[in-house]
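Asks: PDB, C-alpha atoms, pLDDT in the B column, file structure34.pdb:
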```pdb
ATOM      1  CA  MET Y   1       6.108  39.538  26.223  1.00 57.00           C
ATOM      2  CA  ASP Y   2       3.316  38.552  23.956  1.00 62.00           C
ATOM      3  CA  GLU Y   3       4.061  35.767  21.582  1.00 67.00           C
ATOM      4  CA  TYR Y   4       2.064  35.013  18.552  1.00 72.00           C
ATOM      5  CA  PRO Y   5       0.388  31.657  18.873  1.00 73.00           C
ATOM      6  CA  PRO Y   6       2.240  28.986  16.936  1.00 69.00           C
ATOM      7  CA  PRO Y   7       0.789  28.376  13.472  1.00 63.00           C
ATOM      8  CA  PRO Y   8      -1.511  25.385  13.227  1.00 66.00           C
ATOM      9  CA  ASP Y   9       0.092  22.192  12.013  1.00 63.00           C
ATOM     10  CA  ASP Y  10      -1.682  22.083   8.669  1.00 63.00           C
ATOM     11  CA  ALA Y  11      -0.299  25.518   7.743  1.00 61.00           C
ATOM     12  CA  LEU Y  12       3.131  23.954   7.638  1.00 59.00           C
ATOM     13  CA  ASP Y  13       1.897  21.562   4.989  1.00 62.00           C
ATOM     14  CA  THR Y  14       4.354  21.869   2.109  1.00 70.00           C
ATOM     15  CA  GLN Y  15       2.284  19.965  -0.448  1.00 73.00           C
ATOM     16  CA  THR Y  16       1.965  21.797  -3.741  1.00 76.00           C
ATOM     17  CA  PRO Y  17      -1.544  22.880  -4.725  1.00 78.00           C
ATOM     18  CA  PRO Y  18      -3.293  20.671  -7.278  1.00 74.00           C
ATOM     19  CA  PRO Y  19      -2.633  21.629 -10.884  1.00 72.00           C
ATOM     20  CA  PRO Y  20      -5.344  23.699 -12.619  1.00 72.00           C
ATOM     21  CA  PRO Y  21      -7.865  21.596 -14.562  1.00 67.00           C
ATOM     22  CA  GLN Y  22      -6.706  20.995 -18.132  1.00 60.00           C
ATOM     23  CA  PRO Y  23      -9.191  21.549 -20.990  1.00 55.00           C
ATOM     24  CA  ARG Y  24     -10.263  18.383 -22.751  1.00 54.00           C
ATOM     25  CA  THR Y  25      -8.579  19.375 -25.983  1.00 61.00           C
ATOM     26  CA  ILE Y  26      -6.090  22.143 -26.585  1.00 58.00           C
ATOM     27  CA  HIS Y  27      -6.568  23.846 -29.953  1.00 63.00           C
ATOM     28  CA  THR Y  28      -3.509  25.467 -31.410  1.00 71.00           C
ATOM     29  CA  GLY Y  29      -2.856  26.571 -34.958  1.00 80.00           C
ATOM     30  CA  SER Y  30      -3.997  29.154 -37.392  1.00 88.00           C
ATOM     31  CA  PRO Y  31      -7.591  29.985 -38.281  1.00 85.00           C
ATOM     32  CA  THR Y  32      -6.999  28.081 -41.532  1.00 84.00           C
ATOM     33  CA  ASP Y  33      -6.235  24.949 -39.518  1.00 86.00           C
ATOM     34  CA  PHE Y  34      -9.499  25.382 -37.655  1.00 86.00           C
ATOM     35  CA  LEU Y  35     -11.421  25.784 -40.908  1.00 85.00           C
ATOM     36  CA  LYS Y  36      -9.806  22.643 -42.339  1.00 85.00           C
ATOM     37  CA  GLY Y  37     -10.692  20.709 -39.214  1.00 88.00           C
ATOM     38  CA  VAL Y  38     -14.295  21.791 -39.105  1.00 91.00           C
ATOM     39  CA  VAL Y  39     -15.288  20.805 -42.651  1.00 93.00           C
ATOM     40  CA  GLY Y  40     -17.790  17.968 -42.544  1.00 93.00           C
ATOM     41  CA  LYS Y  41     -18.818  18.780 -38.982  1.00 94.00           C
ATOM     42  CA  LYS Y  42     -21.910  20.387 -37.611  1.00 95.00           C
ATOM     43  CA  VAL Y  43     -21.356  24.121 -37.238  1.00 96.00           C
ATOM     44  CA  ILE Y  44     -23.148  27.257 -36.148  1.00 95.00           C
ATOM     45  CA  VAL Y  45     -22.713  30.175 -38.524  1.00 96.00           C
ATOM     46  CA  ARG Y  46     -23.714  33.523 -37.095  1.00 96.00           C
ATOM     47  CA  LEU Y  47     -24.306  36.392 -39.459  1.00 96.00           C
ATOM     48  CA  ASN Y  48     -23.762  40.077 -38.795  1.00 95.00           C
ATOM     49  CA  SER Y  49     -27.543  40.422 -38.637  1.00 94.00           C
ATOM     50  CA  GLY Y  50     -27.664  38.055 -35.639  1.00 94.00           C
ATOM     51  CA  VAL Y  51     -29.337  35.178 -37.516  1.00 95.00           C
ATOM     52  CA  ASP Y  52     -27.842  31.725 -36.865  1.00 95.00           C
ATOM     53  CA  TYR Y  53     -27.554  28.899 -39.355  1.00 95.00           C
ATOM     54  CA  ARG Y  54     -26.881  25.403 -38.040  1.00 95.00           C
ATOM     55  CA  GLY Y  55     -25.875  22.702 -40.440  1.00 95.00           C
ATOM     56  CA  VAL Y  56     -23.112  20.438 -41.692  1.00 95.00           C
ATOM     57  CA  LEU Y  57     -20.294  22.379 -43.298  1.00 95.00           C
ATOM     58  CA  SER Y  58     -19.744  21.166 -46.866  1.00 93.00           C
ATOM     59  CA  CYS Y  59     -16.964  23.610 -47.724  1.00 92.00           C
ATOM     60  CA  LEU Y  60     -15.868  27.182 -47.508  1.00 89.00           C
ATOM     61  CA  ASP Y  61     -13.373  29.504 -49.150  1.00 88.00           C
ATOM     62  CA  GLY Y  62     -11.021  32.305 -48.178  1.00 85.00           C
ATOM     63  CA  TYR Y  63     -13.790  34.893 -48.281  1.00 89.00           C
ATOM     64  CA  MET Y  64     -15.773  32.830 -45.747  1.00 90.00           C
ATOM     65  CA  ASN Y  65     -18.376  31.990 -48.377  1.00 94.00           C
ATOM     66  CA  ILE Y  66     -20.002  28.887 -46.904  1.00 94.00           C
ATOM     67  CA  ALA Y  67     -21.818  25.877 -48.296  1.00 94.00           C
ATOM     68  CA  LEU Y  68     -23.963  24.083 -45.709  1.00 94.00           C
ATOM     69  CA  GLU Y  69     -26.091  20.927 -45.794  1.00 92.00           C
ATOM     70  CA  ALA Y  70     -29.232  20.233 -43.767  1.00 92.00           C
ATOM     71  CA  THR Y  71     -29.411  23.819 -42.561  1.00 93.00           C
ATOM     72  CA  GLU Y  72     -31.720  25.305 -39.945  1.00 93.00           C
ATOM     73  CA  GLU Y  73     -32.188  29.026 -39.643  1.00 93.00           C
ATOM     74  CA  HIS Y  74     -32.532  30.286 -36.052  1.00 92.00           C
ATOM     75  CA  VAL Y  75     -33.849  33.770 -35.375  1.00 91.00           C
ATOM     76  CA  GLU Y  76     -33.936  34.757 -31.687  1.00 89.00           C
ATOM     77  CA  GLY Y  77     -33.899  31.120 -30.669  1.00 85.00           C
ATOM     78  CA  ASN Y  78     -36.682  29.952 -32.976  1.00 88.00           C
ATOM     79  CA  VAL Y  79     -36.231  27.820 -36.065  1.00 89.00           C
ATOM     80  CA  THR Y  80     -37.641  29.906 -38.872  1.00 88.00           C
ATOM     81  CA  ASN Y  81     -36.515  27.992 -41.958  1.00 86.00           C
ATOM     82  CA  ARG Y  82     -34.915  24.821 -43.173  1.00 86.00           C
ATOM     83  CA  TYR Y  83     -32.762  24.464 -46.258  1.00 84.00           C
ATOM     84  CA  GLY Y  84     -31.435  21.278 -47.825  1.00 88.00           C
ATOM     85  CA  ASP Y  85     -28.407  23.118 -49.157  1.00 90.00           C
ATOM     86  CA  ALA Y  86     -27.449  26.712 -48.486  1.00 93.00           C
ATOM     87  CA  PHE Y  87     -24.775  29.026 -49.825  1.00 94.00           C
ATOM     88  CA  ILE Y  88     -23.985  31.964 -47.563  1.00 95.00           C
ATOM     89  CA  ARG Y  89     -22.086  34.965 -48.893  1.00 96.00           C
ATOM     90  CA  GLY Y  90     -18.986  35.481 -46.786  1.00 95.00           C
ATOM     91  CA  ASN Y  91     -19.311  39.193 -46.077  1.00 95.00           C
ATOM     92  CA  ASN Y  92     -22.382  38.490 -43.924  1.00 96.00           C
ATOM     93  CA  VAL Y  93     -20.589  35.968 -41.704  1.00 96.00           C
ATOM     94  CA  LEU Y  94     -19.682  37.051 -38.178  1.00 95.00           C
ATOM     95  CA  TYR Y  95     -18.318  33.702 -37.014  1.00 94.00           C
ATOM     96  CA  ILE Y  96     -18.248  29.975 -37.658  1.00 94.00           C
ATOM     97  CA  SER Y  97     -18.416  27.876 -34.505  1.00 93.00           C
ATOM     98  CA  ALA Y  98     -17.996  24.118 -34.208  1.00 92.00           C
ATOM     99  CA  ALA Y  99     -21.147  22.600 -32.753  1.00 88.00           C
ATOM    100  CA  GLU Y 100     -19.438  19.270 -32.133  1.00 82.00           C
ATOM    101  CA  GLU Y 101     -16.000  18.243 -30.945  1.00 74.00           C
ATOM    102  CA  ILE Y 102     -13.478  18.438 -33.784  1.00 71.00           C
TER     103      ILE Y 102
ATOM    104  CA  MET P   1     -13.442  16.998 -49.315  1.00 43.00           C
ATOM    105  CA  ASP P   2     -13.689  13.836 -47.239  1.00 45.00           C
ATOM    106  CA  GLY P   3     -17.114  13.128 -45.848  1.00 45.00           C
ATOM    107  CA  SER P   4     -18.912  15.333 -48.387  1.00 45.00           C
ATOM    108  CA  SER P   5     -21.623  13.271 -49.997  1.00 49.00           C
ATOM    109  CA  SER P   6     -22.527  15.742 -52.736  1.00 51.00           C
ATOM    110  CA  GLY P   7     -18.987  16.112 -54.185  1.00 57.00           C
ATOM    111  CA  ILE P   8     -18.891  19.891 -53.835  1.00 58.00           C
ATOM    112  CA  GLN P   9     -15.336  21.216 -53.837  1.00 74.00           C
ATOM    113  CA  GLU P  10     -15.959  24.865 -53.105  1.00 86.00           C
ATOM    114  CA  PRO P  11     -19.035  26.905 -52.179  1.00 89.00           C
ATOM    115  CA  PHE P  12     -19.520  28.245 -55.712  1.00 90.00           C
ATOM    116  CA  ASP P  13     -19.973  24.668 -56.919  1.00 85.00           C
ATOM    117  CA  LEU P  14     -23.241  24.653 -55.002  1.00 81.00           C
ATOM    118  CA  ILE P  15     -24.387  27.618 -57.073  1.00 90.00           C
ATOM    119  CA  ARG P  16     -23.087  26.099 -60.305  1.00 91.00           C
ATOM    120  CA  LEU P  17     -25.146  22.961 -59.719  1.00 88.00           C
ATOM    121  CA  SER P  18     -28.248  25.140 -59.404  1.00 91.00           C
ATOM    122  CA  LEU P  19     -28.017  26.798 -62.850  1.00 95.00           C
ATOM    123  CA  SER P  20     -31.300  26.617 -64.767  1.00 95.00           C
ATOM    124  CA  GLU P  21     -33.032  25.554 -61.585  1.00 94.00           C
ATOM    125  CA  ARG P  22     -35.347  27.534 -59.381  1.00 95.00           C
ATOM    126  CA  VAL P  23     -33.469  28.935 -56.399  1.00 96.00           C
ATOM    127  CA  PHE P  24     -34.442  30.733 -53.227  1.00 95.00           C
ATOM    128  CA  VAL P  25     -32.429  33.883 -52.494  1.00 96.00           C
ATOM    129  CA  LYS P  26     -32.360  35.799 -49.228  1.00 96.00           C
ATOM    130  CA  LEU P  27     -31.315  39.447 -49.575  1.00 97.00           C
ATOM    131  CA  ARG P  28     -30.499  42.352 -47.317  1.00 95.00           C
ATOM    132  CA  GLY P  29     -33.409  44.580 -46.417  1.00 93.00           C
ATOM    133  CA  ASP P  30     -35.696  41.698 -45.331  1.00 93.00           C
ATOM    134  CA  ARG P  31     -36.232  40.571 -48.898  1.00 95.00           C
ATOM    135  CA  GLU P  32     -36.530  37.099 -50.342  1.00 95.00           C
ATOM    136  CA  MET P  33     -37.094  35.909 -53.840  1.00 96.00           C
ATOM    137  CA  THR P  34     -37.407  32.773 -55.891  1.00 95.00           C
ATOM    138  CA  GLY P  35     -36.445  32.607 -59.532  1.00 96.00           C
ATOM    139  CA  ILE P  36     -34.737  30.509 -62.159  1.00 97.00           C
ATOM    140  CA  LEU P  37     -30.981  31.025 -61.997  1.00 97.00           C
ATOM    141  CA  HIS P  38     -29.445  31.777 -65.362  1.00 97.00           C
ATOM    142  CA  ALA P  39     -26.072  33.237 -64.419  1.00 96.00           C
ATOM    143  CA  TYR P  40     -23.850  34.211 -61.516  1.00 96.00           C
ATOM    144  CA  ASP P  41     -20.343  35.528 -60.960  1.00 95.00           C
ATOM    145  CA  GLY P  42     -17.768  35.814 -58.208  1.00 93.00           C
ATOM    146  CA  HIS P  43     -19.505  38.859 -56.735  1.00 94.00           C
ATOM    147  CA  MET P  44     -22.721  36.824 -56.443  1.00 95.00           C
ATOM    148  CA  ASN P  45     -24.358  39.043 -59.054  1.00 97.00           C
ATOM    149  CA  LEU P  46     -27.288  36.940 -60.296  1.00 97.00           C
ATOM    150  CA  ILE P  47     -29.480  36.790 -63.366  1.00 97.00           C
ATOM    151  CA  LEU P  48     -32.877  35.377 -62.470  1.00 97.00           C
ATOM    152  CA  SER P  49     -35.988  34.894 -64.546  1.00 97.00           C
ATOM    153  CA  ASP P  50     -39.636  34.346 -63.631  1.00 96.00           C
ATOM    154  CA  VAL P  51     -38.968  35.973 -60.287  1.00 96.00           C
ATOM    155  CA  GLU P  52     -41.268  36.505 -57.349  1.00 96.00           C
ATOM    156  CA  GLU P  53     -39.880  38.879 -54.705  1.00 96.00           C
ATOM    157  CA  THR P  54     -41.263  39.030 -51.163  1.00 95.00           C
ATOM    158  CA  ILE P  55     -40.559  42.105 -49.022  1.00 95.00           C
ATOM    159  CA  MET P  56     -41.200  41.921 -45.248  1.00 91.00           C
ATOM    160  CA  ILE P  57     -42.346  45.222 -43.843  1.00 89.00           C
ATOM    161  CA  VAL P  58     -42.183  45.248 -40.051  1.00 84.00           C
ATOM    162  CA  ASN P  59     -44.472  47.688 -38.286  1.00 83.00           C
ATOM    163  CA  GLU P  60     -42.736  48.601 -35.056  1.00 81.00           C
ATOM    164  CA  GLY P  61     -44.765  49.984 -32.223  1.00 80.00           C
ATOM    165  CA  GLU P  62     -47.245  48.618 -29.744  1.00 81.00           C
ATOM    166  CA  GLN P  63     -48.402  46.028 -32.219  1.00 78.00           C
ATOM    167  CA  ALA P  64     -45.385  44.494 -33.945  1.00 77.00           C
ATOM    168  CA  THR P  65     -46.913  43.199 -37.153  1.00 82.00           C
ATOM    169  CA  VAL P  66     -45.282  42.050 -40.372  1.00 83.00           C
ATOM    170  CA  ASN P  67     -46.739  42.988 -43.719  1.00 85.00           C
ATOM    171  CA  VAL P  68     -45.663  41.248 -46.847  1.00 88.00           C
ATOM    172  CA  ALA P  69     -45.398  42.823 -50.291  1.00 89.00           C
ATOM    173  CA  LYS P  70     -44.883  40.637 -53.323  1.00 93.00           C
ATOM    174  CA  ARG P  71     -43.999  41.528 -56.859  1.00 94.00           C
ATOM    175  CA  LYS P  72     -43.197  39.541 -59.966  1.00 94.00           C
ATOM    176  CA  MET P  73     -40.622  40.206 -62.647  1.00 92.00           C
ATOM    177  CA  ASP P  74     -39.782  38.385 -65.854  1.00 95.00           C
ATOM    178  CA  MET P  75     -36.033  38.988 -65.846  1.00 96.00           C
ATOM    179  CA  LEU P  76     -33.876  40.460 -63.131  1.00 95.00           C
ATOM    180  CA  PHE P  77     -30.251  41.357 -62.382  1.00 97.00           C
ATOM    181  CA  VAL P  78     -29.405  41.112 -58.680  1.00 97.00           C
ATOM    182  CA  ARG P  79     -26.315  42.979 -57.455  1.00 97.00           C
ATOM    183  CA  GLY P  80     -24.145  40.611 -55.472  1.00 97.00           C
ATOM    184  CA  ASP P  81     -23.456  42.724 -52.416  1.00 95.00           C
ATOM    185  CA  GLY P  82     -27.104  42.465 -51.378  1.00 97.00           C
ATOM    186  CA  VAL P  83     -27.149  38.669 -51.402  1.00 97.00           C
ATOM    187  CA  ILE P  84     -27.156  36.863 -48.060  1.00 97.00           C
ATOM    188  CA  LEU P  85     -28.090  33.276 -48.903  1.00 95.00           C
ATOM    189  CA  VAL P  86     -28.856  31.158 -51.954  1.00 95.00           C
ATOM    190  CA  SER P  87     -30.592  27.808 -51.658  1.00 94.00           C
ATOM    191  CA  PRO P  88     -32.051  25.408 -54.180  1.00 87.00           C
ATOM    192  CA  PRO P  89     -35.608  24.933 -52.886  1.00 71.00           C
ATOM    193  CA  SER P  90     -36.042  21.639 -54.714  1.00 60.00           C
ATOM    194  CA  ARG P  91     -33.628  19.993 -52.293  1.00 47.00           C
ATOM    195  CA  THR P  92     -35.240  21.264 -49.057  1.00 43.00           C
TER     196      THR P  92
END
```
Show me, as structure tokens, the structure contained in the file I just sent.
Replies:
Amino acid sequence: MDEYPPPPDDALDTQTPPPPPQPRTIHTGSPTDFLKGVVGKKVIVRLNSGVDYRGVLSCLDGYMNIALEATEEHVEGNVTNRYGDAFIRGNNVLYISAAEEI
Amino acid sequence: MDGSSSGIQEPFDLIRLSLSERVFVKLRGDREMTGILHAYDGHMNLILSDVEETIMIVNEGEQATVNVAKRKMDMLFVRGDGVILVSPPSRT
């Protein structure tokens, strides 16, 4: 009778696989918590039109109206404008992304 | 807010500080303007005076060129839903 060859020794290894890599920081909480945490940090604000604004977030409100300091306007990867202060009307905002670790 | 050097509490404060100053406004439809800000409201409706508006006209096709049309107005009401960005140019 044919017998299957015995399994190699390392297949009997009962060690558990290594745990999946943990992210550096785990962000939980509501969007409001994120917005509170990101004030004063460098952010990227993308508008519905696709234009990006990078600057330090001074403040924002519940409509996502944004006040930025030291703002650069990026269109298709190129810096097209610089503003010392900028107010952005919230309806144009697609997202606010943290450009630095919170 | 902590860390804010200019003492602005909410975004509309930035606009309030710019009253009677010349501001730069970016609008929908590839339009920009500079003018002296006299009034604003929660919709971002604006009253500007001594305004110069710049309209970018993009010619699509084999040669993608941009033409610019300017016009001046003494006093202007801007409807808020067209406003994208307001910036005081003196601070740039």
Asks: Run the PyMOL selection byres ((chain Y) within 8 of (chain P)) on the file and write out the hits as a ChimeraX atom specification.
Replies: /Y:39-40,58-61,65-67,82-89,92
Asks: Taking only C-alpha atoms into account, name the residue in Y:Ile102, Y:Ile96, Y:Val51, Y:Val56 that is nearest to Asn81 of chain Y.
Replies: Y:Val51
Asks: Could you jot down the atom CA of Asp52 of chain Y to atom CA of Val75 of chain Y separation for me, Å, one decimal place?
Replies: 6.5 Å
Asks: Considering only C-alpha atoms, can you say which of Y:Tyr63, Y:Leu57, Y:Val45, Y:Thr80 comes closest to Leu94 of chain Y?
Replies: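 Among the listed residues, Y:Val45 lies closest to Leu94 of chain Y.
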Asks: Residues near Val93 of chain Y, anyone? I mean within 7 Å using only C-alpha atoms, not counting same-chain ones fewer than 2 positions away, as a compact mmCIF listing (two decimals) with C-alpha atoms, in the frame of the given file.
Replies:
```txt
# COMPACT_ATOMS: atom_id res chain seq x y z
CA VAL Y 45 -22.71 30.18 -38.52
CA ARG Y 46 -23.71 33.52 -37.10
CA LEU Y 47 -24.31 36.39 -39.46
CA ASN Y 48 -23.76 40.08 -38.80
CA GLY Y 90 -18.99 35.48 -46.79
CA ASN Y 91 -19.31 39.19 -46.08
CA TYR Y 95 -18.32 33.70 -37.01
```
Asks: So how many Å separate atom CA of Gly29 of chain P and atom CA of Arg79 of chain P, to one decimal?
Replies: 13.2 Å
Asks: What would the selection look like, as a list in words, if the PyMOL selection byres ((chain P and resi 22) around 6) were run on the coordinates I just shared?
Replies: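 Against this file, the PyMOL selection byres ((chain P and resi 22) around 6) returns the residues Glu21, Val23, Gly35 and Ile36 of chain P.
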Asks: How many Å lie between atom CA of Glu72 of chain Y and atom CA of Val43 of chain Y, rounded to one decimal?
Replies: 10.8 Å
Asks: Padding of 8 Å on every side, edges along x, y and z, all listed atoms of segment 87-98 of chain Y included: what centre and edge lengths in Å, to one decimal, does that box have, as AutoDock Vina command-line options?
Replies:
```
--center_x -21.4 --center_y 31.7 --center_z -42.0 --size_x 22.8 --size_y 31.1 --size_z 31.6
```
Asks: Give me the residues within 7 Å of Val38 of chain Y as a PyMOL selection string, counting only C-alpha atoms and dropping any in the same chain fewer than 3 places off.
Replies: chain Y and resi 34-35+41+98+102
Asks: Which is closest to Arg31 of chain P among P:Leu19, P:Leu76, P:Ile55, P:Val66, if we use all atoms listed in the file?
Replies: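 Nearest candidate to Arg31 of chain P out of P:Leu19, P:Leu76, P:Ile55, P:Val66: P:Ile55.
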